[in-house]
Amino acid sequence: MKKALAIFLSVLLILAVVSCSKGNSESKASDSSSSADFHIGIATGTVSQSEDDLRGAEALIAEYGSTTNGGMITHVTYPDNFMEEQETTIAIIAGLADDPKMKAVIVNQAIPGTTEAFRQIKEKRPDIICIAGEAHEDIPQISKTADLVANNDFVARGYLIIRTAYELGCDTFVHVSFPRHLSYETIGRRAAIMKEACKDFGMKFVLETAPDPTSDVGVAGAQQYILEKVPAWIKQYGKKAAFFCTNDAHTEPLLKQLLAYGGYFIEADLPSPLMGYPGALGLDLTAEAGDFAKILKKVESAITERGGANRFGTWAYSYGYTQSASLGQHAINVIKGESELTNMKDLQKAYDKFTPGAHWNGAFYTNANTGAKLRNVLLVYQDTYIMGGKGYMGNAEVTVPEKYFTTK
């Protein structure tokens, strides 16, 4: 009996030692994971407003871990109704600076209020790098508080979208928008560049007006208008006309009707194979979520089956997803001393990581009135991908004529 008791007590002792050892090991692992040298903060919209932006932030967390679990990335979302809740939006973004390990704050998309949030961050923590992805505010204004602004290259794209339409055999370009959007510098200047490019390529340029989804008609009314108008537009401008809309809500009904009635669509305002295509084609992409190679393949296959080969294009990788993930990676590279913040090639290195096979280009923002360049504002674009056979159009290697950088 004494021998059995001794064996039993010995087993208990061994188990206790193992348990203690395991606990200490787990504790050390936890301590190790929470000892990241620095943190990166990223603010995006919610799933309902800008899902791709949010998924890009999640890609960073998947690689570098969340600060809540000892990782490097802190992700916050700003309110859907950010125009009416600017104080809350500013507080959420600026609050990231309260973390003593925070070394960079990224906002994608940089909605109104970002400029003030960055000002508050710099006031408290001038060492924090502030990066704006796709700024909604006046670029010269936000560039005063942001260390880096990275927007889609509305100048180069204004020219290249027309050039691509011309290469596909289009003779007319129809630009669909509304007064509020056209009052924005980026959209208004791009439309002017498109008009000038059409003149240079011998194409007809048409401005069509559609309801603003934020007006009384709402999203449903704006989309219904597009559904009803496209057949008449095709009849008026012909099946060799290329269409472009400045609002995301207009994209799905436009694609749906162009597939049915003819016409071309080079790429969306903020291009992605997820922008308008799943709804227009009735695709369920749940199984392909996050895998853009598979997403593009499925969308392209459906386009071809519907007779849309070589008439519809996109960027192969979502712009919103890429901005969030790549700007975060760029910030990490800069902090580690592996990249320079405003170096275009270094920024492209970060984009390349999340967009294998695609190519990027861009330029510094040029003030159309003065001709001066802002060296902390980089305008970027991904090569256009035409589905159904053409593939990448080589736009990232095209030199945009200098005159377009001051067209207004």
# chains A, B, ... in the order shown; residues from 1 in each chain; ligands from 1

call {"tool": "residues_around", "arguments": {"residues": "segment 54-59 of chain A", "least_positions_apart": "2", "cutoff": "8 Å", "atoms": "only C-alpha atoms", "output": "JSON, numbers by chain"}}
result
{"A": [42, 44, 45, 46, 47, 50, 51, 52, 61, 62, 63, 75, 290, 320, 321, 322, 323, 324, 325, 328]}

call {"tool": "residues_around", "arguments": {"residues": "Ala150 of chain A", "least_positions_apart": "2", "cutoff": "7 Å", "atoms": "only C-alpha atoms", "output": "PyMOL selection string"}}
result
chain A and resi 132-134+148+152+377-380

call {"tool": "write_last_selection", "arguments": {"atoms": "C-alpha atoms", "output": "PDB file, in the first residue's frame"}}
result
ATOM      1  CA  ALA A 132      -3.749  58.518 -46.391  1.00  0.00           C
ATOM      2  CA  GLY A 133      -5.046  55.974 -48.884  1.00  0.00           C
ATOM      3  CA  GLU A 134      -7.475  57.326 -51.512  1.00  0.00           C
ATOM      4  CA  LEU A 148       2.211  60.224 -47.571  1.00  0.00           C
ATOM      5  CA  ASN A 152      -5.487  56.264 -57.735  1.00  0.00           C
ATOM      6  CA  VAL A 377       1.455  62.618 -52.896  1.00  0.00           C
ATOM      7  CA  LEU A 378       1.833  59.555 -55.113  1.00  0.00           C
ATOM      8  CA  LEU A 379      -0.804  58.738 -57.722  1.00  0.00           C
ATOM      9  CA  VAL A 380      -0.798  55.024 -58.560  1.00  0.00           C
TER      10      VAL A 380
END

call {"tool": "residues_around", "arguments": {"residues": "segment 228-233 of chain A", "least_positions_apart": "2", "cutoff": "10 Å", "atoms": "only C-alpha atoms", "output": "list in words"}}
result
Val174, Glu208, Ala210, Gln223, Gln224, Tyr225, Ile226, Lys235, Gln236, Tyr237, Gly238, Lys239, Ala241, Phe243, Pro253, Leu254, Leu255, Lys256, Gln257, Leu258, Ala260, Tyr261, Gly262 and Gly263 of chain A

call {"tool": "residues_around", "arguments": {"residues": "Tyr319 of chain A", "least_positions_apart": "4", "cutoff": "7 Å", "atoms": "only C-alpha atoms", "output": "list in words"}}
result
Leu270, Pro271, Ser272 and Gln323 of chain A

call {"tool": "closest_residue", "arguments": {"among": "A:Val149, A:Leu160, A:Ala331, A:Ala220", "to": "Thr399 of chain A", "atoms": "only C-alpha atoms"}}
result
A:Leu160

call {"tool": "residues_around", "arguments": {"residues": "segment 76-85 of chain A", "least_positions_apart": "4", "cutoff": "12 Å", "atoms": "only C-alpha atoms", "output": "PyMOL selection string"}}
result
chain A and resi 40-51+53-55+57-58+61+66-68+89-96+105-114+117+136-137+214

call {"tool": "select_by_dssp", "arguments": {"residues": "segment 207-300 of chain A", "states": "helix (DSSP H, G or I)", "output": "PyMOL selection string"}}
result
chain A and resi 218-237+248-261+277-281+292-300

call {"tool": "residues_around", "arguments": {"residues": "segment 125-127 of chain A", "least_positions_apart": "3", "cutoff": "10 Å", "atoms": "only C-alpha atoms", "output": "ChimeraX atom specification"}}
result
/A:97-98,100,102-104,118-122,130

call {"tool": "write_last_selection", "arguments": {"atoms": "N, CA and C atoms", "output": "mmCIF file, in the first residue's frame"}}
result
data_model
loop_
_atom_site.group_PDB
_atom_site.id
_atom_site.type_symbol
_atom_site.label_atom_id
_atom_site.label_comp_id
_atom_site.auth_asym_id
_atom_site.auth_seq_id
_atom_site.Cartn_x
_atom_site.Cartn_y
_atom_site.Cartn_z
ATOM 1 N N ALA A 97 -3.047 57.017 -31.754
ATOM 2 C CA ALA A 97 -1.778 57.582 -31.275
ATOM 3 C C ALA A 97 -1.584 57.408 -29.774
ATOM 4 N N ASP A 98 -2.617 56.963 -29.066
ATOM 5 C CA ASP A 98 -2.497 56.763 -27.619
ATOM 6 C C ASP A 98 -1.637 55.555 -27.274
ATOM 7 N N PRO A 100 1.640 53.787 -27.055
ATOM 8 C CA PRO A 100 3.039 54.249 -27.065
ATOM 9 C C PRO A 100 3.914 53.535 -28.088
ATOM 10 N N MET A 102 2.828 52.781 -31.120
ATOM 11 C CA MET A 102 2.337 53.088 -32.452
ATOM 12 C C MET A 102 3.373 53.903 -33.220
ATOM 13 N N LYS A 103 3.697 53.438 -34.440
ATOM 14 C CA LYS A 103 4.697 54.121 -35.262
ATOM 15 C C LYS A 103 4.144 54.605 -36.605
ATOM 16 N N ALA A 104 2.975 54.091 -37.001
ATOM 17 C CA ALA A 104 2.367 54.539 -38.255
ATOM 18 C C ALA A 104 0.861 54.369 -38.174
ATOM 19 N N PHE A 118 -5.159 63.531 -38.480
ATOM 20 C CA PHE A 118 -3.700 63.519 -38.624
ATOM 21 C C PHE A 118 -3.067 64.717 -37.915
ATOM 22 N N ARG A 119 -3.741 65.864 -37.973
ATOM 23 C CA ARG A 119 -3.218 67.053 -37.283
ATOM 24 C C ARG A 119 -3.121 66.796 -35.788
ATOM 25 N N GLN A 120 -4.172 66.161 -35.247
ATOM 26 C CA GLN A 120 -4.173 65.853 -33.817
ATOM 27 C C GLN A 120 -3.102 64.821 -33.465
ATOM 28 N N ILE A 121 -2.908 63.841 -34.342
ATOM 29 C CA ILE A 121 -1.871 62.838 -34.100
ATOM 30 C C ILE A 121 -0.494 63.492 -34.066
ATOM 31 N N LYS A 122 -0.237 64.348 -35.044
ATOM 32 C CA LYS A 122 1.072 65.015 -35.126
ATOM 33 C C LYS A 122 1.312 65.941 -33.929
ATOM 34 N N CYS A 130 1.949 59.264 -40.797
ATOM 35 C CA CYS A 130 0.532 59.305 -41.163
ATOM 36 C C CYS A 130 0.386 59.105 -42.667
#

call {"tool": "atom_distance", "arguments": {"atom1": "atom CA of Ser215 of chain A", "atom2": "atom CA of Pro179 of chain A"}}
result
11.4 Å

call {"tool": "atom_distance", "arguments": {"atom1": "atom CA of Pro140 of chain A", "atom2": "atom CA of Val176 of chain A"}}
result
26.5 Å

call {"tool": "residues_around", "arguments": {"residues": "segment 285-287 of chain A", "least_positions_apart": "4", "cutoff": "10 Å", "atoms": "only C-alpha atoms", "output": "MDAnalysis selection string"}}
result
chainID A and resid 274 278 291 294:295 298:299
